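Visitor: The structure is given below, and queries will be raised subsequently.
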Amino acid sequence: MSRPYILYGWHLSYFTGKVRCYLQYKGIEFVDQAVDMFTLTQRIKRKTGAVVMPVLRTPDDTWLQDSSDIIDRMEEQFAARPVVPSTPVQKFAAYLLEAWGDEWWIPIAMHTRWSYAENYPLFEREAGAHLLPGFPRWVQRRAAGFVAGNLRGMLQRVGVRSEQFQLLNDWTAQMCDLLDAHFARVPYLLGERPTLADFSLVGTMYGHLGRDPWPKRVMVAPRPALRDWIDRMAASPPLDPGAALLADDAIAPTLEPILRAIFAQFVPMVEQINVQLTALLRDWPLGKPVPRSLADVEIPIGNAVLRRAALPYTLWMVQRVLDVYAALPLHEQANVASWLVSLGGERLLELRIPRLQRMGLRVAPAAA
Ligand SMILES: N[C@@H](CCC(=O)N[C@@H](CS)C(=O)NCC(=O)O)C(=O)O
């Protein structure tokens, strides 16, 4: 009998939620393995070059890292229930929402977890038990504390700064309202079945906002359609075989304010990261990874400004979106371009990102 797929990750982890919900939906059999300290810091480090979760170990013992690469690989192998739409606007929107769900929400997920003490007992209990199963509680608590310290060390960089807490909370409440209004009318982001876009957004929504006590109580519980979507995504019950995306490559009107926010906030952030990275790469060898973070960017949020460090990895995610556009036939590119114009998103197509390759959690310039 062949070895099963093994997903190394935690329920506490953003990107593990993305991959777990995806594998369940696809009906791919896998062992959901809470990753322990030895596997995380030794085996995964050796196999992927990074101390990171999730990792999907395949039956032929390949250790796949990065949720986007994992999903790409599985989509090639398992044709049933495709999660990438086949029509151009929905396909482009799915990749764009993936980049946003993966990258934009990181400060929100980190703030709503680490800025509120009521969340810590859940983290300490689960992380401790996963890292050192069978060890005495006090040793597990020390191990969880060590990992928590590393994660807290990233807060300042990703924009979790006390003077920005109110802005982060206001933004999150408004976005959760928009998502709740959408899910009250349409069961998934692009129609009656989930796509890449839903799997990305459920990373932050399942592992962090929908599960950590503070955001679960304050942000998610008052919004029942959002709560139901998270629960549907996590349960992945069999779908009605007729479940379809919206007809005629349409995007629901309830998704439009969310997309407008992406074009007004996420795209300017990406542009600023690109300016910094492009300058850095003027004198940088191909294949040499760049630092995980660069200087601050300033993101317009309504009348306010959110400051956080530029993460070059974000550009690798946006490169995926632009690659999808570049691979479309010309008449489909025209559909996407006019759809972008209709929502104020045309600057996205003007981005010229230097060709990047991913190396673990970092990126490096690649041959064009
Ligand atoms: N963008 C990646 C990265 C995975 C990731 O950031 N995982 C987090 C836990 S949810 C982690 O292990 N972070 C460690 C770090 O950033 O050093 C993905 O899509 O899988």
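Identifiers for the structure tokens are assigned positionally: chains receive A, B, ... in sequence, residues are indexed from 1 per chain, and ligands are indexed from 1 in the order shown.
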Please identify every polymer residue within 9 Å of ligand 1, using only C-alpha atoms and all ligand atoms, and present the set as number ranges by chain.

Guide: A: 9-10, 12-19, 40, 50-55, 65-70, 102-103, 106, 150-151, 154, 200, 203-204, 207, 313-314, 317, 360-361

Visitor: Next, write the just-selected residues to a file, as a short mmCIF file (atom, residue, chain, number, x, y, z; two decimals), in the first residue's frame, keeping N, CA and C atoms as the atom set.

Guide:
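So again-v8.cif came out as:
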data_model
loop_
_atom_site.label_atom_id
_atom_site.label_comp_id
_atom_site.auth_asym_id
_atom_site.auth_seq_id
_atom_site.Cartn_x
_atom_site.Cartn_y
_atom_site.Cartn_z
N GLY A 9 1.25 20.53 10.12
CA GLY A 9 0.83 21.89 10.45
C GLY A 9 0.02 21.88 11.73
N TRP A 10 -0.53 23.02 12.05
CA TRP A 10 -1.37 23.17 13.26
C TRP A 10 -2.69 23.84 12.89
N LEU A 12 -3.73 26.14 14.62
CA LEU A 12 -3.45 27.55 14.92
C LEU A 12 -2.87 28.30 13.73
N SER A 13 -2.42 27.57 12.71
CA SER A 13 -1.61 28.19 11.65
C SER A 13 -2.44 28.61 10.44
N TYR A 14 -2.23 29.86 10.06
CA TYR A 14 -2.88 30.54 8.95
C TYR A 14 -2.84 29.66 7.68
N PHE A 15 -1.62 29.39 7.22
CA PHE A 15 -1.49 28.73 5.91
C PHE A 15 -1.80 27.24 5.98
N THR A 16 -1.72 26.65 7.18
CA THR A 16 -2.15 25.25 7.30
C THR A 16 -3.66 25.17 7.06
N GLY A 17 -4.40 26.18 7.54
CA GLY A 17 -5.85 26.18 7.34
C GLY A 17 -6.19 26.22 5.87
N LYS A 18 -5.43 27.03 5.13
CA LYS A 18 -5.66 27.12 3.68
C LYS A 18 -5.51 25.74 3.03
N VAL A 19 -4.41 25.07 3.35
CA VAL A 19 -4.14 23.79 2.68
C VAL A 19 -5.07 22.68 3.20
N LEU A 40 9.59 20.18 12.85
CA LEU A 40 9.56 21.58 12.39
C LEU A 40 10.97 22.16 12.23
N ALA A 50 13.60 26.03 5.32
CA ALA A 50 12.98 27.00 6.24
C ALA A 50 12.30 26.26 7.40
N VAL A 51 12.19 26.95 8.53
CA VAL A 51 11.41 26.42 9.64
C VAL A 51 10.00 26.99 9.45
N VAL A 52 9.11 26.18 8.93
CA VAL A 52 7.85 26.72 8.43
C VAL A 52 6.78 25.63 8.41
N MET A 53 5.56 26.03 8.52
CA MET A 53 4.42 25.15 8.26
C MET A 53 3.43 25.92 7.41
N PRO A 54 2.61 25.28 6.61
CA PRO A 54 2.49 23.84 6.45
C PRO A 54 3.50 23.29 5.45
N VAL A 55 3.69 21.97 5.58
CA VAL A 55 4.44 21.23 4.57
C VAL A 55 3.58 20.02 4.22
N GLN A 65 6.53 22.75 0.14
CA GLN A 65 6.33 23.91 1.03
C GLN A 65 5.79 25.06 0.20
N ASP A 66 5.00 25.87 0.83
CA ASP A 66 4.29 27.04 0.31
C ASP A 66 2.91 26.60 -0.18
N SER A 67 1.91 27.19 0.45
CA SER A 67 0.54 26.77 0.17
C SER A 67 0.19 26.93 -1.32
N SER A 68 0.73 27.97 -1.97
CA SER A 68 0.38 28.17 -3.38
C SER A 68 0.99 27.07 -4.24
N ASP A 69 2.24 26.73 -3.97
CA ASP A 69 2.88 25.66 -4.74
C ASP A 69 2.19 24.32 -4.47
N ILE A 70 1.79 24.11 -3.22
CA ILE A 70 1.12 22.85 -2.87
C ILE A 70 -0.19 22.74 -3.68
N ASP A 102 -3.56 35.92 1.26
CA ASP A 102 -2.31 35.42 1.85
C ASP A 102 -1.49 36.53 2.48
N GLU A 103 -1.40 37.67 1.83
CA GLU A 103 -0.41 38.68 2.22
C GLU A 103 -0.99 39.85 3.01
N ILE A 106 -1.99 39.37 6.89
CA ILE A 106 -1.02 38.93 7.91
C ILE A 106 -1.02 39.86 9.13
N ASN A 150 9.32 34.23 19.18
CA ASN A 150 9.75 34.44 17.78
C ASN A 150 8.67 35.15 16.98
N LEU A 151 7.42 34.73 17.16
CA LEU A 151 6.33 35.33 16.39
C LEU A 151 6.11 36.78 16.82
N MET A 154 8.10 39.45 15.17
CA MET A 154 7.77 39.91 13.80
C MET A 154 6.73 41.02 13.80
N SER A 200 -7.64 30.75 0.22
CA SER A 200 -6.69 31.70 0.76
C SER A 200 -7.31 32.46 1.94
N GLY A 203 -7.59 30.89 5.34
CA GLY A 203 -6.38 30.75 6.16
C GLY A 203 -6.47 31.69 7.35
N THR A 204 -6.64 32.95 7.10
CA THR A 204 -6.73 33.91 8.20
C THR A 204 -8.02 33.72 8.99
N GLY A 207 -7.85 29.81 10.96
CA GLY A 207 -6.79 29.62 11.95
C GLY A 207 -6.71 30.74 12.96
N TYR A 313 8.44 38.97 -0.61
CA TYR A 313 7.69 37.76 -0.96
C TYR A 313 6.32 38.11 -1.57
N THR A 314 5.71 39.20 -1.08
CA THR A 314 4.40 39.61 -1.60
C THR A 314 4.43 39.77 -3.12
N MET A 317 3.85 36.62 -5.00
CA MET A 317 2.42 36.28 -5.09
C MET A 317 1.73 37.11 -6.19
N GLY A 360 12.14 29.03 -0.26
CA GLY A 360 11.59 28.94 1.09
C GLY A 360 10.70 30.14 1.33
N LEU A 361 11.01 30.88 2.40
CA LEU A 361 10.18 32.04 2.76
C LEU A 361 10.68 33.32 2.10
#

Visitor: Check the smallest atom-to-atom distance from each of A:Trp339, A:Tyr116, A:Trp104, A:Trp138 to A:Val267 using only C-alpha atoms, then report the winner.

Guide: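 Once distances to A:Val267 are computed over only C-alpha atoms, the minimum belongs to A:Trp104.
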
Visitor: Atom CA of A:Arg20 and atom CA of A:Asn169, how far apart in Å?

Guide: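 It comes out at 27.3 Å.
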
Visitor: Nearest to A:Gly344 among A:Glu332, A:Pro291, A:Gln265, A:Val275, with distances taken over only C-alpha atoms: which residue is it?

Guide: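 Once distances to A:Gly344 are computed over only C-alpha atoms, the minimum belongs to A:Gln265.
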
Visitor: I'd like the contact shell of A:Ser293 - 8 Å cut-off, only C-alpha atoms, skipping same-chain residues fewer than 4 positions apart - returned as a list in words.

Guide: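 Skipping anything fewer than 4 positions along the chain leaves Arg157, Ala309, Ala310, Leu311 and Pro312 of chain A.
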
Visitor: Store the residues picked out above, limited to C-alpha atoms, as a compact mmCIF listing (two decimals), in the first residue's frame.

Guide:
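Okay, out17.txt is ready:
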# COMPACT_ATOMS: atom_id res chain seq x y z
CA ARG A 157 7.76 44.63 11.03
CA ALA A 309 7.70 46.84 6.32
CA ALA A 310 7.88 45.89 2.65
CA LEU A 311 7.92 42.09 2.27
CA PRO A 312 9.42 41.16 -1.12

Visitor: Nearest residue to A:Arg362 out of A:His331, A:His111, A:Lys288, A:Arg307, using only C-alpha atoms?

Guide: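 Checking each candidate against A:Arg362, we get A:Lys288 as the closest.
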
Visitor: Show which residues sit within 7 Å of A:Leu131, as a list of chain:residue names. Count only C-alpha atoms, and ignore same-chain residues fewer than 5 positions away.

Guide: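 Here the answer would be A:Val35, A:Asp36, A:Met37, A:Ala143.
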
Visitor: Determine which residues of stretch 245-308 of chain A DSSP labels as strand (DSSP E) from the backbone of this structure, then write them out as a CSV table (one decimal) with N, CA, C and O atoms, in the first residue's frame.

Guide:
chain,number,residue,atom,x,y,z
A,296,ASP,N,10.0,50.5,5.5
A,296,ASP,CA,8.5,50.7,5.6
A,296,ASP,C,7.9,51.1,4.3
A,296,ASP,O,8.5,51.9,3.6
A,297,VAL,N,6.6,50.7,4.1
A,297,VAL,CA,5.8,51.3,3.1
A,297,VAL,C,4.6,52.0,3.8
A,297,VAL,O,4.4,51.7,5.0
A,298,GLU,N,4.0,52.9,3.1
A,298,GLU,CA,2.9,53.7,3.7
A,298,GLU,C,1.6,53.5,2.9
A,298,GLU,O,1.6,53.8,1.7
A,299,ILE,N,0.7,52.9,3.5
A,299,ILE,CA,-0.5,52.4,2.8
A,299,ILE,C,-1.7,53.3,3.1
A,299,ILE,O,-2.1,53.4,4.3
A,300,PRO,N,-2.3,53.9,2.1
A,300,PRO,CA,-3.5,54.7,2.3
A,300,PRO,C,-4.7,53.8,2.7
A,300,PRO,O,-5.1,52.9,2.0
A,301,ILE,N,-5.3,54.2,3.9
A,301,ILE,CA,-6.5,53.5,4.3
A,301,ILE,C,-7.6,54.6,4.6
A,301,ILE,O,-7.5,55.2,5.7
A,304,ALA,N,-6.5,57.6,6.6
A,304,ALA,CA,-5.3,57.3,7.5
A,304,ALA,C,-4.2,56.6,6.6
A,304,ALA,O,-4.4,56.4,5.4
A,305,VAL,N,-3.1,56.4,7.3
A,305,VAL,CA,-2.0,55.7,6.7
A,305,VAL,C,-1.5,54.5,7.6
A,305,VAL,O,-1.3,54.7,8.8
A,306,LEU,N,-1.4,53.4,7.0
A,306,LEU,CA,-0.9,52.2,7.7
A,306,LEU,C,0.6,52.0,7.3
A,306,LEU,O,0.9,51.9,6.1
A,307,ARG,N,1.4,51.9,8.3
A,307,ARG,CA,2.9,51.6,8.0
A,307,ARG,C,3.3,50.2,8.4
A,307,ARG,O,2.9,49.7,9.4
A,308,ARG,N,4.0,49.6,7.5
A,308,ARG,CA,4.5,48.3,7.7
A,308,ARG,C,5.7,48.1,6.8
A,308,ARG,O,5.9,48.8,5.8

Visitor: Excluding same-chain residues fewer than 5 positions from A:Ala364, what lies within 8 Å of it counting only C-alpha atoms, as a VMD selection string?

Guide: chain A and resid 286 to 290 356 to 359

Visitor: Keeping only N, CA, C and O atoms, write those residues as a short mmCIF file (atom, residue, chain, number, x, y, z; two decimals), in the first residue's frame.

Guide:
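To be explicit, this is the file written out as part.cif:
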data_model
loop_
_atom_site.label_atom_id
_atom_site.label_comp_id
_atom_site.auth_asym_id
_atom_site.auth_seq_id
_atom_site.Cartn_x
_atom_site.Cartn_y
_atom_site.Cartn_z
N LEU A 286 21.73 37.17 -9.55
CA LEU A 286 20.61 36.25 -9.78
C LEU A 286 20.72 35.10 -8.79
O LEU A 286 21.82 34.61 -8.51
N GLY A 287 19.57 34.68 -8.26
CA GLY A 287 19.55 33.50 -7.41
C GLY A 287 19.92 33.76 -5.96
O GLY A 287 19.78 32.87 -5.12
N LYS A 288 20.36 34.97 -5.63
CA LYS A 288 20.70 35.25 -4.22
C LYS A 288 19.46 35.81 -3.51
O LYS A 288 18.92 36.84 -3.93
N PRO A 289 18.99 35.12 -2.44
CA PRO A 289 17.76 35.59 -1.79
C PRO A 289 17.91 36.98 -1.18
O PRO A 289 18.96 37.30 -0.63
N VAL A 290 16.87 37.77 -1.30
CA VAL A 290 16.88 39.12 -0.70
C VAL A 290 16.36 39.00 0.73
O VAL A 290 15.73 38.00 1.10
N LEU A 356 11.00 36.91 -10.33
CA LEU A 356 11.40 36.39 -9.02
C LEU A 356 11.20 34.89 -8.94
O LEU A 356 10.28 34.34 -9.55
N GLN A 357 12.08 34.24 -8.18
CA GLN A 357 11.85 32.84 -7.82
C GLN A 357 11.73 32.77 -6.31
O GLN A 357 12.30 33.59 -5.59
N ARG A 358 10.93 31.81 -5.85
CA ARG A 358 10.76 31.64 -4.41
C ARG A 358 11.82 30.70 -3.87
O ARG A 358 12.13 29.69 -4.52
N MET A 359 12.41 31.04 -2.73
CA MET A 359 13.36 30.14 -2.07
C MET A 359 12.94 30.05 -0.61
O MET A 359 13.27 30.92 0.19
#

Visitor: Might you pull out every residue within 7 Å of A:Arg355, with only C-alpha atoms counted and same-chain residues fewer than 4 positions away left off, and present them as a PDB file with N, CA and C atoms, in the first residue's frame?

Guide:
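Final output, saved to out_10.pdb:
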ATOM      1  N   PRO A 365      16.071  37.140  -7.297  1.00  0.00           N
ATOM      2  CA  PRO A 365      15.878  37.442  -8.708  1.00  0.00           C
ATOM      3  C   PRO A 365      16.156  36.208  -9.555  1.00  0.00           C
ATOM      4  N   ALA A 366      15.321  36.038 -10.577  1.00  0.00           N
ATOM      5  CA  ALA A 366      15.460  34.876 -11.456  1.00  0.00           C
ATOM      6  C   ALA A 366      15.717  35.381 -12.863  1.00  0.00           C
ATOM      7  N   ALA A 367      16.214  34.486 -13.709  1.00  0.00           N
ATOM      8  CA  ALA A 367      16.383  34.865 -15.122  1.00  0.00           C
ATOM      9  C   ALA A 367      14.995  35.140 -15.682  1.00  0.00           C
ATOM     10  N   ALA A 368      14.858  36.188 -16.502  1.00  0.00           N
ATOM     11  CA  ALA A 368      13.528  36.573 -17.014  1.00  0.00           C
ATOM     12  C   ALA A 368      12.979  35.497 -17.931  1.00  0.00           C
TER      13      ALA A 368
END

Visitor: Looking at A:Glu98, A:Ala34, A:Ala252, A:Pro329, which one is nearest to A:Ala129, with distances taken over only C-alpha atoms?

Guide: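 Smallest separation from A:Ala129 among the options: A:Ala34.
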